Amino acid sequence: MARHTVNVISVYILFLISIVCGQSQWVQTNAPGGLKINALLVTDNSLFAATNEGVYLGDKNTLTLNKISSIYSKGYSFLKVGDTIFTGANHGQVYVSVNNGVFWKHTIIDTGLFSSEIQAFAKSGNSFFAGVSSTDSVIGSIYHTSDFGESWNKALPINVNVHAFAVKEDTVFCGTDNGVLVSRNKGASWGLSTALSQHKVMALAINGNTVFAGTSKRSGSGVFRSTNNGESWSLADTGLPHSTVGALIVIRDTIYACMSGMGLFFSTDKGSLWKPLCTDQICLYVTSFAADDNTIYAGTEYDGVIYSRDGGVSWTTLSVGTKNTGVKSLNIYGNTFYAGTELGLLYSSTTSGASWSAFKSRVPGPVKALVVDGSGILSTAGKCICHSADNGISWDTVVSVDQLTYALSVVDSNMFIGTYDGLMHTRDHGKSWARNNLKADKVYALAADNNTVFAGTGDSGVYISTNMGDSWTAANNGLTQKHVTSLAVKGNNVFAGIFGRGVFFSDNKGASWSSISNGLADNYVNALMIKGDTVFAGTSSKGVWHRSISLITDVIPRKQKKALLPSKLQIYNRYSSHGDVTLIYRLESRCAIQASLHTVSGQAVVLLADGEKMPGTHSIRIRKGSVTAGLYVCRFVAGNVPENIKIIMNK
């Protein structure tokens, strides 16, 4: 591998790559929902979402969120002051941007605890406060900075887990595991509001002279209010169900409360009476709120970000552009893709996975398998199989069994159900059922092509039947592990998801197998589906991926066919004086590329680019000041071709 050192103030690096990339590796699609949203922030033109998969940024006009590649941590909180944005993350990490989220600087609050989470921020006077919570008992605290995050100091002599802040003039309220802490002098000193000391305060909001505190279900749930700056509190929960108050927000004198698992409620009389706003499935697990003049945004536990433009009467799921979700099952009927999740949620796509729509209702159990045909949709749902004839608006139970269901396959009048206790089989359209004679428990995957049925098991690998389940033959040559999680078949081509090992491929109906997991970001593949020349893989945490089957057959090692390699690779240097570094590369065909910046010791600093590019010339710009000055290594991969380039970033 060639190595090049560039020691200049700024450099343009041109890659001439003559390579036919196509889809020789896995490419990610825009899979549905699935993100847990911990916090939201709305600015003039942008929407930020802090999630368990990182921090996302989206344009409010397009309503699509894309991951900020320079923030590697889980996000928990936001604070915006002018053009400066603070983002709180796990492990005591704080990211600060002074230009509305274009570039981020990384700092760490030294709590001495690896499990520290920055759950909340506040500003009072010239000080910024960060609330730290920890999973290691009650050992969080409040920290403050007066230099925009350059250094942080502990603001409390005691340890408390902090969940929320609210500020009213010189008074700062802090929600903790043991009630509300109050500072009446811009955070110089703090005292406990004893009236709520037995409650875990999860959310705070202020409306005029009234302060609202939302508490957890375990400590006696409800909303409390104070009209004397926290000296005393009274319960204000008439009309609210008994549940944790996950979030509070005030919009034009209307107070909105998220009651975890129970939906959204609102009050127009400062909490004296609450009314249900949305108790549909999509609103049940809201964890955070944000709003601008026209739109209410809600972050959810399972469904990503939802938004409403009519005061909360109706809600729509916002598109998440970076596809982080857990997909348990995939199927296709005509030109429509279907995806099922662990929580019983189903999605459909008519754009080959570019965009997805959620079904109106979920099934009462994990959707680990789907069968879609002209009669409707069959879905696993815990210990039963459900059917919908109206595209998921309503569901009927087809059959109930004693064990959890994992797999489905239908061939003419035959239906196979894979369960934790073996294979169930009917030969008469479901009128009568019996356990099949497959000598294996834990049947997690099924697939069929014409009269050949494939069964994937939890500990015995793949079995094949050519007589509709009367007899079975093991087919495990080349499999490095025999826990099969998913199967797909078309003609001679068979794909198997192997637990923790990614995807294996056979082009001879299972006689032999080879791994094709290179480039797949998540090796826990729960679902496989074939459309035309493309195989799709649904993963546990990274959404749906796809790959060209015709190109897969060109890279099978046992056929000793060469992987696609470049015929020419040349690098040219051009100089500039503005201090930025620009990587310019040219592709002669569509290709998956990835570029990342690393320290010389190998530590990842920032992901510069990751995705598929069309033929032509492209550039990646590293702006002066986006990283500290020093020597870095840019790792650039186009298709199968890696290249390391040493770069010096100057002040």
# chains A, B, ... in the order shown; residues from 1 in each chain; ligands from 1
>>> residues_around(residues="region 513-526 of chain A", least_positions_apart="4", cutoff="8 Å", atoms="only C-alpha atoms", output="number ranges by chain")
A: 25-27, 327-329, 368, 476-479, 485-486, 497-506, 537-542, 545, 552, 556-558
>>> write_last_selection(atoms="N, CA, C and O atoms", output="short mmCIF file (atom, residue, chain, number, x, y, z; two decimals), in the first residue's frame")
data_model
loop_
_atom_site.label_atom_id
_atom_site.label_comp_id
_atom_site.auth_asym_id
_atom_site.auth_seq_id
_atom_site.Cartn_x
_atom_site.Cartn_y
_atom_site.Cartn_z
N GLN A 25 -20.10 -4.43 -2.37
CA GLN A 25 -20.18 -4.55 -0.93
C GLN A 25 -21.57 -4.13 -0.49
O GLN A 25 -22.40 -3.71 -1.28
N TRP A 26 -21.81 -4.24 0.83
CA TRP A 26 -23.13 -3.90 1.37
C TRP A 26 -23.32 -2.39 1.42
O TRP A 26 -22.42 -1.65 1.77
N VAL A 27 -24.53 -1.94 1.08
CA VAL A 27 -24.89 -0.52 1.11
C VAL A 27 -26.14 -0.38 1.97
O VAL A 27 -27.08 -1.17 1.86
N VAL A 327 -34.34 -4.25 12.70
CA VAL A 327 -35.31 -4.85 11.78
C VAL A 327 -35.28 -6.36 11.98
O VAL A 327 -34.23 -6.99 11.90
N LYS A 328 -36.44 -6.95 12.27
CA LYS A 328 -36.53 -8.38 12.56
C LYS A 328 -37.01 -9.20 11.38
O LYS A 328 -36.78 -10.41 11.33
N SER A 329 -37.72 -8.58 10.43
CA SER A 329 -38.25 -9.35 9.32
C SER A 329 -38.42 -8.46 8.10
O SER A 329 -38.62 -7.25 8.21
N LYS A 368 -41.13 -11.25 13.83
CA LYS A 368 -39.90 -11.93 13.44
C LYS A 368 -39.99 -12.55 12.06
O LYS A 368 -38.97 -12.97 11.50
N ASN A 476 -24.59 -27.82 5.91
CA ASN A 476 -23.79 -26.90 6.70
C ASN A 476 -22.34 -26.76 6.25
O ASN A 476 -21.52 -26.19 6.96
N ASN A 477 -22.01 -27.25 5.07
CA ASN A 477 -20.64 -27.19 4.59
C ASN A 477 -20.20 -25.74 4.39
O ASN A 477 -20.74 -25.03 3.54
N GLY A 478 -19.23 -25.28 5.20
CA GLY A 478 -18.71 -23.92 5.08
C GLY A 478 -19.26 -22.96 6.11
O GLY A 478 -18.73 -21.85 6.26
N LEU A 479 -20.30 -23.34 6.84
CA LEU A 479 -20.83 -22.47 7.88
C LEU A 479 -19.91 -22.51 9.10
O LEU A 479 -19.60 -23.59 9.62
N THR A 485 -30.21 -17.29 11.87
CA THR A 485 -31.23 -16.31 12.25
C THR A 485 -32.15 -15.91 11.11
O THR A 485 -33.23 -15.38 11.35
N SER A 486 -31.75 -16.15 9.85
CA SER A 486 -32.57 -15.72 8.71
C SER A 486 -32.14 -16.48 7.47
O SER A 486 -31.00 -16.93 7.35
N GLY A 497 -28.43 -15.74 7.35
CA GLY A 497 -27.90 -14.89 8.42
C GLY A 497 -27.46 -15.77 9.56
O GLY A 497 -28.23 -16.57 10.08
N ILE A 498 -26.19 -15.64 9.95
CA ILE A 498 -25.62 -16.47 11.02
C ILE A 498 -25.34 -15.58 12.23
O ILE A 498 -24.72 -14.52 12.11
N PHE A 499 -25.80 -15.98 13.40
CA PHE A 499 -25.75 -15.16 14.60
C PHE A 499 -24.34 -14.64 14.88
O PHE A 499 -23.41 -15.41 15.10
N GLY A 500 -24.18 -13.32 14.82
CA GLY A 500 -22.90 -12.69 15.09
C GLY A 500 -21.87 -12.81 13.99
O GLY A 500 -20.77 -12.25 14.10
N ARG A 501 -22.18 -13.50 12.88
CA ARG A 501 -21.22 -13.73 11.80
C ARG A 501 -21.66 -13.08 10.49
O ARG A 501 -20.96 -13.23 9.48
N GLY A 502 -22.80 -12.42 10.47
CA GLY A 502 -23.23 -11.75 9.25
C GLY A 502 -23.98 -12.67 8.30
O GLY A 502 -24.79 -13.49 8.72
N VAL A 503 -23.67 -12.54 7.00
CA VAL A 503 -24.40 -13.25 5.95
C VAL A 503 -23.48 -14.25 5.25
O VAL A 503 -22.34 -13.92 4.90
N PHE A 504 -24.00 -15.47 5.04
CA PHE A 504 -23.31 -16.49 4.26
C PHE A 504 -24.11 -16.74 2.99
O PHE A 504 -25.34 -16.58 2.97
N PHE A 505 -23.40 -17.15 1.93
CA PHE A 505 -24.02 -17.27 0.61
C PHE A 505 -23.69 -18.62 -0.01
O PHE A 505 -22.58 -19.13 0.11
N SER A 506 -24.69 -19.19 -0.67
CA SER A 506 -24.50 -20.42 -1.44
C SER A 506 -25.12 -20.22 -2.81
O SER A 506 -26.26 -19.77 -2.92
N ALA A 537 -30.75 -7.11 3.67
CA ALA A 537 -30.50 -7.68 4.99
C ALA A 537 -30.97 -6.72 6.06
O ALA A 537 -30.57 -5.55 6.08
N GLY A 538 -31.84 -7.19 6.97
CA GLY A 538 -32.29 -6.40 8.11
C GLY A 538 -31.48 -6.77 9.34
O GLY A 538 -31.37 -7.94 9.70
N THR A 539 -30.87 -5.77 9.98
CA THR A 539 -29.95 -6.01 11.08
C THR A 539 -30.56 -5.64 12.43
O THR A 539 -31.60 -5.01 12.51
N SER A 540 -29.86 -6.02 13.50
CA SER A 540 -30.37 -5.77 14.85
C SER A 540 -30.38 -4.30 15.21
O SER A 540 -31.25 -3.85 15.94
N SER A 541 -29.41 -3.52 14.72
CA SER A 541 -29.32 -2.13 15.17
C SER A 541 -29.00 -1.13 14.07
O SER A 541 -29.07 0.07 14.31
N LYS A 542 -28.66 -1.59 12.86
CA LYS A 542 -28.21 -0.67 11.82
C LYS A 542 -29.10 -0.68 10.59
O LYS A 542 -28.67 -0.34 9.49
N TRP A 545 -29.76 -3.21 4.77
CA TRP A 545 -28.64 -3.08 3.83
C TRP A 545 -28.97 -3.87 2.57
O TRP A 545 -29.80 -4.79 2.60
N ILE A 552 -21.87 -10.47 -6.12
CA ILE A 552 -21.45 -11.39 -5.06
C ILE A 552 -20.82 -12.63 -5.67
O ILE A 552 -19.80 -13.12 -5.20
N ILE A 556 -16.67 -14.84 -4.66
CA ILE A 556 -16.65 -16.04 -3.83
C ILE A 556 -15.26 -16.65 -3.87
O ILE A 556 -14.76 -17.03 -4.93
N PRO A 557 -14.57 -16.77 -2.72
CA PRO A 557 -13.18 -17.27 -2.71
C PRO A 557 -13.04 -18.66 -3.32
O PRO A 557 -12.08 -18.94 -4.02
N ARG A 558 -14.01 -19.57 -3.06
CA ARG A 558 -13.81 -20.95 -3.52
C ARG A 558 -13.84 -21.05 -5.04
O ARG A 558 -13.40 -22.03 -5.60
#
>>> select_by_dssp(residues="region 283-452 of chain A", states="strand (DSSP E)", output="PyMOL selection string")
chain A and resi 286-291+296-300+305-308+316-317+319-320+329-333+336-340+346-349+357-358+370-373+376-381+384-388+396-400+405-411+414-419+422-426+434-435+443-449+452
>>> closest_residue(among="A:Gly149, A:Gly230, A:Gly101, A:Gly602", to="Ser626 (chain A)", atoms="only C-alpha atoms")
A:Gly101
>>> residues_around(residues="region 375-391 of chain A", least_positions_apart="4", cutoff="9 Å", atoms="only C-alpha atoms", output="count of residues only")
29
>>> atom_distance(atom1="CA of Val581 (chain A)", atom2="CA of Asn650 (chain A)")
9.8 Å
>>> closest_residue(among="A:Ser413, A:Ser73, A:Asn492, A:Asn229", to="Thr452 (chain A)", atoms="only C-alpha atoms")
A:Asn492
>>> closest_residue(among="A:Thr171, A:Met262, A:Phe536, A:Trp433", to="Ala339 (chain A)", atoms="only C-alpha atoms")
A:Phe536
>>> closest_residue(among="A:Thr43, A:Asn52, A:Ser146, A:Ser141", to="Asn99 (chain A)", atoms="only C-alpha atoms")
A:Thr43
>>> residues_around(residues="His242 (chain A)", least_positions_apart="6", cutoff="8 Å", atoms="only C-alpha atoms", output="MDAnalysis selection string")
chainID A and resid 217 221:222
>>> write_last_selection(atoms="C-alpha atoms", output="tab-separated table (two decimals), in the first residue's frame")
chain	number	residue	atom	x	y	z
A	217	LYS	CA	-44.11	6.47	38.57
A	221	SER	CA	-46.17	9.92	39.70
A	222	GLY	CA	-47.80	13.15	38.69
>>> atom_distance(atom1="CA of Thr480 (chain A)", atom2="CA of Asn436 (chain A)")
26.7 Å
>>> atom_distance(atom1="CA of Val180 (chain A)", atom2="CA of Thr210 (chain A)")
14.4 Å
